[in-house]
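Next up, run05.csv (CSV, C-alpha atoms and all ligand atoms):
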```
chain,number,residue,atom,x,y,z
A,1,MET,CA,26.2,6.2,-14.0
A,2,ALA,CA,26.0,8.2,-10.7
A,3,VAL,CA,26.1,5.8,-7.8
A,4,GLU,CA,25.3,6.9,-4.2
A,5,TRP,CA,26.4,3.6,-2.7
A,6,GLY,CA,26.4,2.9,0.9
A,7,ARG,CA,23.6,4.2,2.9
A,8,GLU,CA,24.0,2.0,5.9
A,9,VAL,CA,21.3,1.1,8.4
A,10,THR,CA,20.9,-1.6,10.9
A,11,ALA,CA,17.1,-1.9,10.6
A,12,GLY,CA,17.1,-2.9,14.3
A,13,ARG,CA,18.3,-6.4,13.3
A,14,GLY,CA,21.9,-6.0,14.3
A,15,GLU,CA,23.4,-6.6,10.8
A,16,PRO,CA,24.0,-3.6,8.5
A,17,LEU,CA,22.0,-3.3,5.3
A,18,LEU,CA,23.5,-1.7,2.2
A,19,PHE,CA,21.4,-0.2,-0.6
A,20,ASP,CA,22.5,0.3,-4.1
A,21,THR,CA,20.9,3.7,-4.5
A,22,SER,CA,21.6,3.8,-8.2
A,23,VAL,CA,18.8,1.3,-8.7
A,24,PRO,CA,15.3,3.0,-8.4
A,25,HIS,CA,12.7,1.3,-6.2
A,26,PHE,CA,9.0,1.8,-6.4
A,27,ALA,CA,8.6,2.6,-2.6
A,28,ARG,CA,11.1,5.4,-3.0
A,29,VAL,CA,9.7,6.6,-6.3
A,30,TYR,CA,6.3,6.8,-4.6
A,31,ASP,CA,7.9,8.7,-1.7
A,32,TYR,CA,9.2,11.2,-4.3
A,33,TRP,CA,5.8,11.7,-5.8
A,34,LEU,CA,4.4,12.2,-2.3
A,35,GLY,CA,7.0,15.0,-1.7
A,36,GLY,CA,9.0,12.8,0.8
A,37,LYS,CA,12.7,13.0,1.4
A,38,ASP,CA,13.5,9.3,1.5
A,39,ASN,CA,14.5,8.9,-2.2
A,40,PHE,CA,17.7,9.1,-4.3
A,41,ALA,CA,18.6,10.6,-7.7
A,42,ALA,CA,17.7,7.3,-9.5
A,43,ASP,CA,14.3,7.3,-7.9
A,44,ARG,CA,13.7,10.9,-8.7
A,45,ALA,CA,14.8,10.3,-12.4
A,46,ALA,CA,12.4,7.4,-12.6
A,47,GLY,CA,9.6,9.4,-10.9
A,48,ASP,CA,10.2,12.3,-13.4
A,49,GLN,CA,10.0,9.9,-16.4
A,50,ALA,CA,6.6,8.7,-15.1
A,51,ILE,CA,5.4,12.3,-14.5
A,52,ARG,CA,6.3,13.2,-18.1
A,53,ALA,CA,4.1,10.2,-19.3
A,54,PHE,CA,1.3,10.9,-16.8
A,55,PRO,CA,1.5,14.4,-15.3
A,56,ASP,CA,-1.2,13.6,-12.7
A,57,ILE,CA,0.7,10.8,-11.1
A,58,ALA,CA,1.8,12.8,-8.1
A,59,VAL,CA,-1.8,14.1,-7.5
A,60,SER,CA,-3.0,10.5,-8.0
A,61,ALA,CA,-0.5,9.2,-5.4
A,62,ARG,CA,-1.8,11.8,-2.9
A,63,ALA,CA,-5.4,10.9,-3.7
A,64,ASN,CA,-4.4,7.3,-2.8
A,65,ARG,CA,-3.0,8.4,0.6
A,66,ALA,CA,-6.1,10.5,1.2
A,67,PHE,CA,-8.2,7.5,0.4
A,68,LEU,CA,-6.1,5.3,2.8
A,69,ALA,CA,-6.7,7.8,5.6
A,70,ARG,CA,-10.5,8.0,5.0
A,71,ALA,CA,-10.7,4.2,4.7
A,72,VAL,CA,-8.9,3.7,8.0
A,73,ARG,CA,-11.1,6.3,9.7
A,74,PHE,CA,-14.1,4.5,8.5
A,75,LEU,CA,-12.8,1.1,9.6
A,76,ALA,CA,-11.7,2.2,13.1
A,77,GLY,CA,-14.8,4.4,13.5
A,78,GLU,CA,-18.1,3.3,11.8
A,79,ALA,CA,-17.0,-0.3,11.3
A,80,GLY,CA,-15.5,-0.7,14.8
A,81,ILE,CA,-12.3,-2.5,13.6
A,82,ARG,CA,-9.4,-2.7,16.1
A,83,GLN,CA,-7.0,-4.9,14.1
A,84,PHE,CA,-5.2,-4.0,10.9
A,85,LEU,CA,-3.0,-6.0,8.6
A,86,ASP,CA,-1.5,-3.5,6.2
A,87,ILE,CA,0.5,-5.3,3.5
A,88,GLY,CA,2.7,-3.1,1.3
A,89,THR,CA,3.4,-0.5,3.9
A,90,GLY,CA,5.6,1.8,1.9
A,91,ILE,CA,8.0,4.4,3.5
A,92,PRO,CA,6.4,6.2,6.4
A,93,THR,CA,4.7,9.4,5.4
A,94,GLY,CA,1.7,11.4,6.6
A,95,ASN,CA,-1.4,9.6,8.0
A,96,ASN,CA,0.2,6.2,8.4
A,97,THR,CA,-2.4,3.5,9.1
A,98,HIS,CA,-1.5,3.2,12.9
A,99,GLU,CA,-1.7,7.0,13.3
A,100,VAL,CA,-5.1,7.3,11.8
A,101,ALA,CA,-6.4,4.1,13.5
A,102,GLN,CA,-5.0,5.0,16.9
A,103,PHE,CA,-6.3,8.5,16.6
A,104,VAL,CA,-9.8,7.1,16.4
A,105,ALA,CA,-9.2,4.1,18.7
A,106,PRO,CA,-5.9,4.2,20.6
A,107,GLU,CA,-6.1,0.5,21.4
A,108,SER,CA,-5.9,-0.4,17.7
A,109,ARG,CA,-3.3,-3.1,16.8
A,110,VAL,CA,-1.5,-2.6,13.4
A,111,VAL,CA,0.8,-5.1,11.7
A,112,TYR,CA,2.7,-3.7,8.7
A,113,VAL,CA,4.1,-6.0,6.1
A,114,ASP,CA,6.6,-5.1,3.3
A,115,ASN,CA,9.3,-7.0,1.3
A,116,ASP,CA,11.6,-4.0,0.6
A,117,PRO,CA,14.6,-3.8,3.0
A,118,PHE,CA,14.6,0.0,2.6
A,119,VAL,CA,11.1,0.2,4.0
A,120,LEU,CA,12.2,-2.1,6.9
A,121,SER,CA,15.0,0.3,7.6
A,122,HIS,CA,12.3,3.0,8.3
A,123,ALA,CA,10.2,0.7,10.3
A,124,ARG,CA,11.2,2.3,13.6
A,125,ALA,CA,9.1,5.3,12.6
A,126,LEU,CA,6.1,3.0,12.3
A,127,LEU,CA,6.6,1.4,15.6
A,128,ALA,CA,5.8,4.5,17.7
A,129,SER,CA,2.5,3.1,18.8
A,130,LYS,CA,0.2,4.7,21.4
A,131,PRO,CA,0.8,2.8,24.7
A,132,GLU,CA,-2.8,1.3,24.6
A,133,GLY,CA,-2.2,-0.1,21.1
A,134,VAL,CA,0.3,-2.2,19.3
A,135,THR,CA,2.3,-1.6,16.1
A,136,GLU,CA,4.5,-4.3,14.6
A,137,TYR,CA,6.4,-4.7,11.3
A,138,VAL,CA,6.9,-8.0,9.4
A,139,GLU,CA,9.3,-8.4,6.5
A,140,ALA,CA,7.5,-10.8,4.1
A,141,ASP,CA,6.3,-11.1,0.5
A,142,LEU,CA,2.7,-10.9,-0.5
A,143,ARG,CA,3.3,-13.8,-2.9
A,144,ASP,CA,3.6,-16.0,0.2
A,145,PRO,CA,0.3,-15.1,2.0
A,146,GLN,CA,0.5,-18.1,4.3
A,147,LYS,CA,3.8,-16.8,5.8
A,148,ILE,CA,2.1,-13.4,6.4
A,149,LEU,CA,-0.8,-15.1,8.1
A,150,ASP,CA,1.3,-17.4,10.2
A,151,THR,CA,3.4,-14.4,11.4
A,152,ALA,CA,0.4,-12.1,11.9
A,153,ALA,CA,-1.3,-14.8,14.0
A,154,ARG,CA,1.3,-14.2,16.7
A,155,LEU,CA,0.4,-10.5,16.8
A,156,LEU,CA,-3.3,-10.3,15.9
A,157,ASP,CA,-6.3,-12.3,17.2
A,158,PHE,CA,-7.8,-14.1,14.2
A,159,GLU,CA,-11.0,-14.9,16.2
A,160,ARG,CA,-11.8,-11.2,16.0
A,161,PRO,CA,-12.4,-9.0,12.9
A,162,ILE,CA,-9.3,-7.8,11.0
A,163,ALA,CA,-9.0,-5.2,8.2
A,164,VAL,CA,-6.7,-6.5,5.5
A,165,MET,CA,-5.2,-3.6,3.7
A,166,LEU,CA,-3.8,-3.9,0.2
A,167,MET,CA,-3.2,-0.3,-0.9
A,168,THR,CA,-1.4,0.1,-4.2
A,169,ILE,CA,0.5,-3.2,-3.9
A,170,LEU,CA,-1.4,-5.7,-6.1
A,171,GLN,CA,-0.1,-4.0,-9.3
A,172,HIS,CA,3.3,-5.6,-8.3
A,173,ILE,CA,1.7,-9.1,-8.4
A,174,ASP,CA,1.8,-10.4,-12.0
A,175,ASP,CA,-1.2,-12.3,-13.3
A,176,GLU,CA,1.0,-15.5,-13.3
A,177,ASP,CA,1.3,-15.1,-9.5
A,178,ASP,CA,-2.5,-15.2,-9.2
A,179,PRO,CA,-3.3,-12.1,-7.2
A,180,GLY,CA,-7.0,-13.2,-6.9
A,181,LYS,CA,-5.9,-16.4,-5.1
A,182,ILE,CA,-3.6,-14.4,-2.8
A,183,VAL,CA,-6.5,-12.1,-1.8
A,184,ALA,CA,-8.9,-15.0,-1.3
A,185,THR,CA,-6.3,-16.8,0.9
A,186,LEU,CA,-6.0,-13.8,3.1
A,187,MET,CA,-9.7,-13.2,3.3
A,188,ALA,CA,-10.4,-16.9,4.0
A,189,ALA,CA,-8.2,-16.6,7.1
A,190,VAL,CA,-10.0,-13.7,8.8
A,191,PRO,CA,-13.4,-14.1,10.5
A,192,PRO,CA,-16.8,-12.7,9.4
A,193,GLY,CA,-17.0,-9.0,10.2
A,194,SER,CA,-13.5,-8.5,8.8
A,195,TYR,CA,-12.8,-6.1,5.9
A,196,LEU,CA,-10.7,-5.8,2.7
A,197,ALA,CA,-9.5,-2.2,1.9
A,198,LEU,CA,-7.9,-2.0,-1.5
A,199,SER,CA,-6.6,0.5,-4.0
A,200,HIS,CA,-5.2,-0.4,-7.5
A,201,PRO,CA,-3.7,1.7,-10.3
A,202,ALA,CA,-6.2,1.8,-13.2
A,203,LYS,CA,-5.8,0.6,-16.8
A,204,ASP,CA,-9.0,2.2,-17.9
A,205,ILE,CA,-8.7,5.7,-16.4
A,206,ASP,CA,-6.5,8.1,-18.4
A,207,ALA,CA,-5.7,4.9,-20.2
A,208,GLN,CA,-3.1,6.1,-22.7
A,209,ALA,CA,-1.1,8.1,-20.3
A,210,MET,CA,-1.2,5.4,-17.7
A,211,ALA,CA,-0.1,2.8,-20.2
A,212,LYS,CA,2.8,5.0,-21.3
A,213,MET,CA,3.8,5.5,-17.7
A,214,ALA,CA,3.6,1.8,-16.8
A,215,ARG,CA,5.7,1.0,-19.9
A,216,ARG,CA,8.4,3.5,-18.8
A,217,LEU,CA,8.5,2.3,-15.2
A,218,ASN,CA,8.6,-1.3,-16.3
A,219,ARG,CA,11.7,-0.6,-18.3
A,220,ILE,CA,13.4,1.2,-15.4
A,221,LEU,CA,12.3,-0.5,-12.2
A,222,PRO,CA,13.1,-4.0,-10.9
A,223,GLU,CA,9.5,-4.5,-9.7
A,224,SER,CA,7.1,-4.8,-12.6
A,225,ILE,CA,3.7,-3.0,-12.7
A,226,THR,CA,0.5,-4.5,-14.0
A,227,LEU,CA,-2.4,-2.0,-14.5
A,228,ARG,CA,-5.9,-3.5,-14.2
A,229,THR,CA,-9.3,-2.4,-15.4
A,230,GLY,CA,-12.3,-1.7,-13.1
A,231,PRO,CA,-13.9,-5.1,-13.8
A,232,GLU,CA,-10.5,-6.8,-13.2
A,233,VAL,CA,-10.1,-5.0,-9.8
A,234,ALA,CA,-13.7,-5.7,-8.9
A,235,THR,CA,-12.9,-9.5,-8.9
A,236,PHE,CA,-10.7,-9.0,-5.8
A,237,PHE,CA,-13.9,-8.1,-3.9
A,238,ASP,CA,-15.7,-11.3,-5.0
A,239,GLY,CA,-17.8,-12.8,-2.1
A,240,LEU,CA,-17.4,-9.6,-0.1
A,241,ASP,CA,-20.0,-6.9,0.6
A,242,LEU,CA,-18.7,-3.5,-0.7
A,243,ALA,CA,-19.4,-0.6,1.7
A,244,GLU,CA,-20.9,2.5,0.1
A,245,PRO,CA,-20.2,3.9,-2.5
A,246,GLY,CA,-18.9,0.6,-3.8
A,247,MET,CA,-15.7,0.4,-6.0
A,248,VAL,CA,-15.0,3.8,-7.4
A,249,GLN,CA,-12.2,6.2,-8.4
A,250,ALA,CA,-10.0,7.0,-5.3
A,251,SER,CA,-11.1,10.6,-5.0
A,252,ARG,CA,-14.8,9.6,-5.1
A,253,TRP,CA,-14.7,7.3,-2.1
A,254,ARG,CA,-16.4,9.3,0.7
A,255,PRO,CA,-14.6,12.5,-0.2
A,256,VAL,CA,-14.6,15.2,2.5
A,257,ASN,CA,-15.7,17.9,0.0
A,258,GLU,CA,-16.4,18.5,-3.7
A,259,THR,CA,-12.9,19.7,-4.4
A,260,GLU,CA,-11.5,16.4,-3.2
A,261,ALA,CA,-14.1,14.4,-5.1
A,262,ALA,CA,-13.1,16.3,-8.4
A,263,GLY,CA,-9.4,15.6,-8.0
A,264,PRO,CA,-7.7,13.3,-10.6
A,265,ALA,CA,-7.0,9.8,-9.4
A,266,ALA,CA,-6.2,7.0,-11.7
A,267,LEU,CA,-7.0,4.3,-9.1
A,268,TRP,CA,-9.8,2.0,-8.4
A,269,VAL,CA,-10.6,1.6,-4.7
A,270,GLY,CA,-13.1,-0.1,-2.4
A,271,VAL,CA,-13.7,-1.2,1.2
A,272,ALA,CA,-15.6,-4.5,1.6
A,273,ARG,CA,-16.9,-6.5,4.5
A,274,LYS,CA,-16.7,-10.3,4.9
A,275,ASN,CA,-20.2,-11.5,6.1
B,301,LIG,C1,3.2,2.2,-3.7
B,301,LIG,S1,3.7,1.6,-2.2
B,301,LIG,C2,2.2,1.6,-1.3
B,301,LIG,C3,2.4,2.2,0.1
B,301,LIG,C4,1.0,2.3,0.8
B,301,LIG,N1,0.3,1.0,0.9
B,301,LIG,C5,0.1,3.3,0.1
B,301,LIG,O1,-0.8,2.9,-0.5
B,301,LIG,O2,0.4,4.5,0.3
B,301,LIG,C6,3.9,-0.2,-2.5
B,301,LIG,C7,4.6,-1.0,-1.4
B,301,LIG,O3,4.4,-2.3,-1.6
B,301,LIG,C8,5.6,-3.0,-1.4
B,301,LIG,N2,5.6,-4.3,-2.1
B,301,LIG,C9,5.7,-4.4,-3.5
B,301,LIG,N3,5.6,-5.7,-3.8
B,301,LIG,C10,5.5,-6.4,-2.6
B,301,LIG,C11,5.4,-7.8,-2.3
B,301,LIG,N4,5.4,-8.7,-3.3
B,301,LIG,N5,5.3,-8.2,-1.0
B,301,LIG,C12,5.4,-7.2,0.0
B,301,LIG,N6,5.5,-5.9,-0.3
B,301,LIG,C13,5.5,-5.5,-1.6
B,301,LIG,C14,6.7,-2.0,-1.8
B,301,LIG,O4,7.9,-2.3,-1.3
B,301,LIG,C15,6.1,-0.7,-1.4
B,301,LIG,O5,6.5,-0.4,-0.1
```

Take the structure I supplied and represent it as structure tokens, if you would.
Amino acid sequence: MAVEWGREVTAGRGEPLLFDTSVPHFARVYDYWLGGKDNFAADRAAGDQAIRAFPDIAVSARANRAFLARAVRFLAGEAGIRQFLDIGTGIPTGNNTHEVAQFVAPESRVVYVDNDPFVLSHARALLASKPEGVTEYVEADLRDPQKILDTAARLLDFERPIAVMLMTILQHIDDEDDPGKIVATLMAAVPPGSYLALSHPAKDIDAQAMAKMARRLNRILPESITLRTGPEVATFFDGLDLAEPGMVQASRWRPVNETEAAGPAALWVGVARKN
């Protein structure tokens, strides 16, 4: 097996981190699909296996990023949100949450959360906040939402509305870990006027190809993937008020034009307000 051992970074914490680059990781596979350069041979091989099962996966990943940008523009613009808790950050790419939010409202405060040390090693690129705003990075696991909330409380004002962002991360939370309870815990902690912005790979769009892709990735990747149907994803919005056009396929959420709306995207997405 080809091993590219030993990419060494300090991640700003003083101690070096070593990555076994022969083991693919989802954040880097996703970076590969997005056309990024922060991935290794094992990630590209896993990414290619997925593409062979579901050829639209790279387009779908881009549709997810485009949705993220449109959702943050809506939140910082129309919805007037100035605080963002973006859990499952991923490797920095184009239109990162703080860039979009601070373009609309430079004073926006953004807290990123991820549990992958490789993502942490790239956090510096995320910390380039506009001087009026704040960008912070927290290493934590979504399966421990209270730790995320406790840490975020030092950085965000929980008396004022917060957009909780869970973009293509809940597929990594198995049903046994009760993703619904995790979402409910996060949303219970934020005040009325806050939002949940969420995207989730679909079980019932391009169902056969998506199932084949998930099976392949689950054989190769250490992080498992659970696809969910529209009705299953809709339960994450329980008790919240979905903004127009409701929960839809990623490319159909407020697309900028008809070409974007017609693009393939095997993801359910929505943005909802806590009243
Ligand atoms: C597909 S990427 C999504 C990146 C970005 N949110 C987006 O939608 O473009 C999923 C990210 O979630 C992170 N992740 C997966 N499971 C996690 C967990 N249990 N806790 C925190 N982060 C997690 C991965 O490390 C990865 O960076």

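Between atom CA of His25 of chain A and atom CA of Tyr112 of chain A there is a distance of 18.6 Å.
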
As a check of understanding: the span from atom CA of Met210 of chain A to atom CA of Phe54 of chain A is 6.1 Å

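Minimum atom-to-atom distances from A:Val100, A:Leu267, A:Leu166, A:Ala234 to ligand LIG 301 (chain B) were compared using all atoms listed in the file, and the lowest value belongs to A:Leu166.
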
Residues within 12 Å of Ala211 of chain A, only C-alpha atoms, excluding chain neighbours under 2 positions, as a list in words
Ala50, Ala53, Phe54, Pro201, Ala202, Lys203, Asp204, Ile205, Asp206, Ala207, Gln208, Ala209, Met213, Ala214, Arg215, Arg216, Leu217, Asn218, Ile225, Thr226, Leu227, Arg228, Thr229 and Ala266 of chain A

_Residue neighbourhood Glu139 of chain A, 7 Å, all atoms listed in the file, exclusion window fewer than 3 positions, as a PyMOL selection string_ = chain A and resi 113-115+120

Save out the residues we just selected, C-alpha atoms, as an mmCIF file, in the frame of the given file.
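What follows is the written file result.cif:
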```
data_model
loop_
_atom_site.group_PDB
_atom_site.id
_atom_site.type_symbol
_atom_site.label_atom_id
_atom_site.label_comp_id
_atom_site.auth_asym_id
_atom_site.auth_seq_id
_atom_site.Cartn_x
_atom_site.Cartn_y
_atom_site.Cartn_z
ATOM 1 C CA VAL A 113 4.100 -6.000 6.100
ATOM 2 C CA ASP A 114 6.600 -5.100 3.300
ATOM 3 C CA ASN A 115 9.300 -7.000 1.300
ATOM 4 C CA LEU A 120 12.200 -2.100 6.900
#
```

query = Do you know which residues are within 7 Å of ligand LIG 301 (chain B) using only C-alpha atoms and all ligand atoms? Can you write them as an MDAnalysis selection string?
reply = chainID A and resid 26:27 30 64:65 68 87:91 113:116 119 140:143 166:169 172:173

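The environment of Phe40 of chain A within 9 Å, counting only C-alpha atoms and disregarding residues fewer than 6 places along the same chain, consists of Glu4, Thr21, Ser22, Pro24, Arg28, Val29 and Tyr32 of chain A.
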
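The two atoms in question, atom CA of Asp56 of chain A and atom CA of Phe236 of chain A, are spaced 25.5 Å apart.
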
With all atoms listed in the file as the counted atoms, please give the residues lying no more than 12 Å from segment 189-192 of chain A, apart from itself and same-chain residues fewer than 3 positions off, as JSON, numbers by chain. {"A": [81, 83, 84, 85, 145, 146, 148, 149, 150, 152, 153, 156, 157, 158, 159, 160, 161, 162, 163, 164, 182, 183, 184, 185, 186, 195, 196, 239, 240, 241, 272, 273, 274, 275]}

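In terms of minimum interatomic distance to Pro255 of chain A, A:Ala69 ranks closest within A:Ala69, A:Ala41, A:Ile51, A:Ala61, counting only C-alpha atoms.
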
| said: Need the shell around Glu132 of chain A: protein/DNA/RNA residues with any atom at most 9 Å away, counting all atoms listed in the file. Skip same-chain ones fewer than 3 positions apart. Format as JSON, numbers by chain? | reply: {"A": [102, 106, 107, 108, 109, 129]}

List as a CSV table (one decimal) with C-alpha atoms, keeping the file's coordinate frame: which residues have an atom within 9 Å of (3.8, 8.7, 5.1), counting all atoms listed in the file?
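The new file selection-v2.csv reads:
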```
chain,number,residue,atom,x,y,z
A,31,ASP,CA,7.9,8.7,-1.7
A,34,LEU,CA,4.4,12.2,-2.3
A,36,GLY,CA,9.0,12.8,0.8
A,65,ARG,CA,-3.0,8.4,0.6
A,90,GLY,CA,5.6,1.8,1.9
A,91,ILE,CA,8.0,4.4,3.5
A,92,PRO,CA,6.4,6.2,6.4
A,93,THR,CA,4.7,9.4,5.4
A,94,GLY,CA,1.7,11.4,6.6
A,95,ASN,CA,-1.4,9.6,8.0
A,96,ASN,CA,0.2,6.2,8.4
```

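Minimum distance to Asp48 of chain A across A:Ala261, A:Ala71, A:Val134, A:Ile220 (counting only C-alpha atoms) occurs at A:Ile220.
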
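Proximity ranking of A:Gly263, A:Gly270, A:Pro231, A:Pro222 relative to Val248 of chain A places A:Gly270 first, based on only C-alpha atoms.
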